[in-house]
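Encoded as structure tokens, the structure appears first; notes follow it.
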Amino acid sequence: MKRMRLGPIRLDSLLRQASGENEAAAREKEIEIRLVPSRSVVTSDAFLLGAILRNLISNAVKYTAPGGRILLGCRHSRCSVRVDVIDTGIGMSQEQMSRIFNAFTRLDSTHADGLGLGLFIVRRATSILGHRIDVSSAPSRGTRFSILVRRV
């Protein structure tokens, strides 16, 4: 098992890597992934935070219709940075949002394959790192996942 290594991480480079790994799937659906430049440096584990971002971007690609958009960006506060993955996808109801972090939960099997473990793992990894994850969404309007990470 890999040991957690907390240290300074440049978010722009981590977001670029995570979006690059989802680029082929996005291109296939003609989805634009836009990365808002950021000079944010946070304290985290690069491997785990990268896995979290890859999963969130992958989900955004899966649940966004062809021709849609995904926006990756950061907002700063005094002691933390909010990392956002925002899509123009199918969105979720309040009831669906209350279940998405449960193991083996798949809200819509017509849009993607999988076991329903991705967001369960994302929540666990976020918690292990001492970060926080929030979600806001509305049916047919898209979804925003936000991770609150400590600044350096």
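Chain labels run A, B, ... following the order of the structure tokens; each chain numbers its residues from 1, and ligands are numbered from 1 in the order shown.
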Q | Long-range neighbours of Glu28 of chain A as a ChimeraX atom specification, 10 Å cut-off, only C-alpha atoms, 3 positions minimum in chain | A | /A:23-25,31,61,66-67
Q) Out of segment 46-141 of chain A, which residues get strand (DSSP E or B) from DSSP, as an MDAnalysis selection string? A) chainID A and resid 69:76 80:87 132:138
Q | For Arg123 of chain A: contacts at 12 Å, only C-alpha atoms, fewer than 6 positions along chain excluded, given as number ranges by chain | A | A: 48-49, 51-53, 55-56, 99-103, 117, 129-135, 145-147
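The smallest atom-to-atom distance between Cys74 of chain A and any of A:Lys2, A:Arg16, A:Arg39, A:Arg27, using only C-alpha atoms, is found for A:Arg39.
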Q | DSSP-assigned helix (DSSP H, G or I) members of segment 17-114 of chain A, reported as JSON, numbers by chain | A | {"A": [17, 18, 19, 20, 23, 24, 25, 26, 27, 28, 46, 47, 48, 49, 50, 51, 52, 53, 54, 55, 56, 57, 58, 59, 60, 61, 62, 94, 95, 96, 97]}
Filtering to C-alpha atoms, could you give me those residues as a tab-separated table (two decimals), in the first residue's frame?
chain	number	residue	atom	x	y	z
A	17	GLN	CA	-2.60	16.06	-15.79
A	18	ALA	CA	-6.05	14.91	-14.67
A	19	SER	CA	-7.80	16.60	-17.58
A	20	GLY	CA	-5.21	15.22	-20.01
A	23	GLU	CA	-8.99	14.22	-23.00
A	24	ALA	CA	-9.54	11.32	-25.43
A	25	ALA	CA	-12.96	10.46	-23.96
A	26	ALA	CA	-13.95	14.15	-23.99
A	27	ARG	CA	-12.77	14.61	-27.58
A	28	GLU	CA	-14.79	11.56	-28.66
A	46	ALA	CA	-0.30	14.46	-5.17
A	47	PHE	CA	-1.21	10.83	-5.90
A	48	LEU	CA	-4.49	10.84	-3.93
A	49	LEU	CA	-5.59	14.34	-4.95
A	50	GLY	CA	-4.77	13.49	-8.57
A	51	ALA	CA	-6.90	10.33	-8.35
A	52	ILE	CA	-9.79	12.36	-6.90
A	53	LEU	CA	-9.61	14.91	-9.72
A	54	ARG	CA	-9.30	12.21	-12.43
A	55	ASN	CA	-12.43	10.52	-11.10
A	56	LEU	CA	-14.45	13.73	-10.91
A	57	ILE	CA	-13.42	14.76	-14.44
A	58	SER	CA	-14.12	11.25	-15.75
A	59	ASN	CA	-17.62	11.37	-14.25
A	60	ALA	CA	-18.17	14.82	-15.75
A	61	VAL	CA	-17.25	13.47	-19.19
A	62	LYS	CA	-19.51	10.41	-18.76
A	94	GLN	CA	-31.59	16.49	-4.15
A	95	GLU	CA	-32.55	12.87	-3.48
A	96	GLN	CA	-29.87	11.60	-5.88
A	97	MET	CA	-27.24	13.89	-4.36
Q: May I ask for the distance between atom CA of Gly73 of chain A and atom CA of Pro37 of chain A, given in Å to one decimal place?
A: 7.2 Å
Q: Tell me, as a VMD selection string, which residues lie within 10 Å of Arg75 of chain A, counting only C-alpha atoms; anything in the same chain fewer than 4 positions away does not count.
A: chain A and resid 38 40 80 to 84 146 148
Q. So which one's closest to Ala125 of chain A, A:Asp45, A:Ser93, A:Leu35, A:Arg69? Using only C-alpha atoms, please.
A. A:Asp45
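The two atoms in question, atom CA of Ser140 of chain A and atom CA of Gly89 of chain A, are spaced 6.8 Å apart.
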**Q.** Spatial neighbours of Gly114 of chain A, max dist 10 Å, only C-alpha atoms, sep filter under 6 positions, as a PyMOL selection string
**A.** chain A and resi 104-106
Output C-alpha atoms of each residue in that selection to a file, as an mmCIF file, in the first residue's frame.
data_model
loop_
_atom_site.group_PDB
_atom_site.id
_atom_site.type_symbol
_atom_site.label_atom_id
_atom_site.label_comp_id
_atom_site.auth_asym_id
_atom_site.auth_seq_id
_atom_site.Cartn_x
_atom_site.Cartn_y
_atom_site.Cartn_z
ATOM 1 C CA PHE A 104 -22.307 0.676 -5.166
ATOM 2 C CA THR A 105 -24.586 3.597 -6.023
ATOM 3 C CA ARG A 106 -25.194 4.224 -9.717
#
Q) Between atom CA of His76 of chain A and atom CA of Arg34 of chain A, what is the distance, to one decimal in Å? A) 18.6 Å
(Q) At a cut-off of 6 Å, using only C-alpha atoms, what residues contact Val85 of chain A? Leave out same-chain residues fewer than 3 positions from it and give the result as a PyMOL selection string. (A) chain A and resi 71-72+144-145
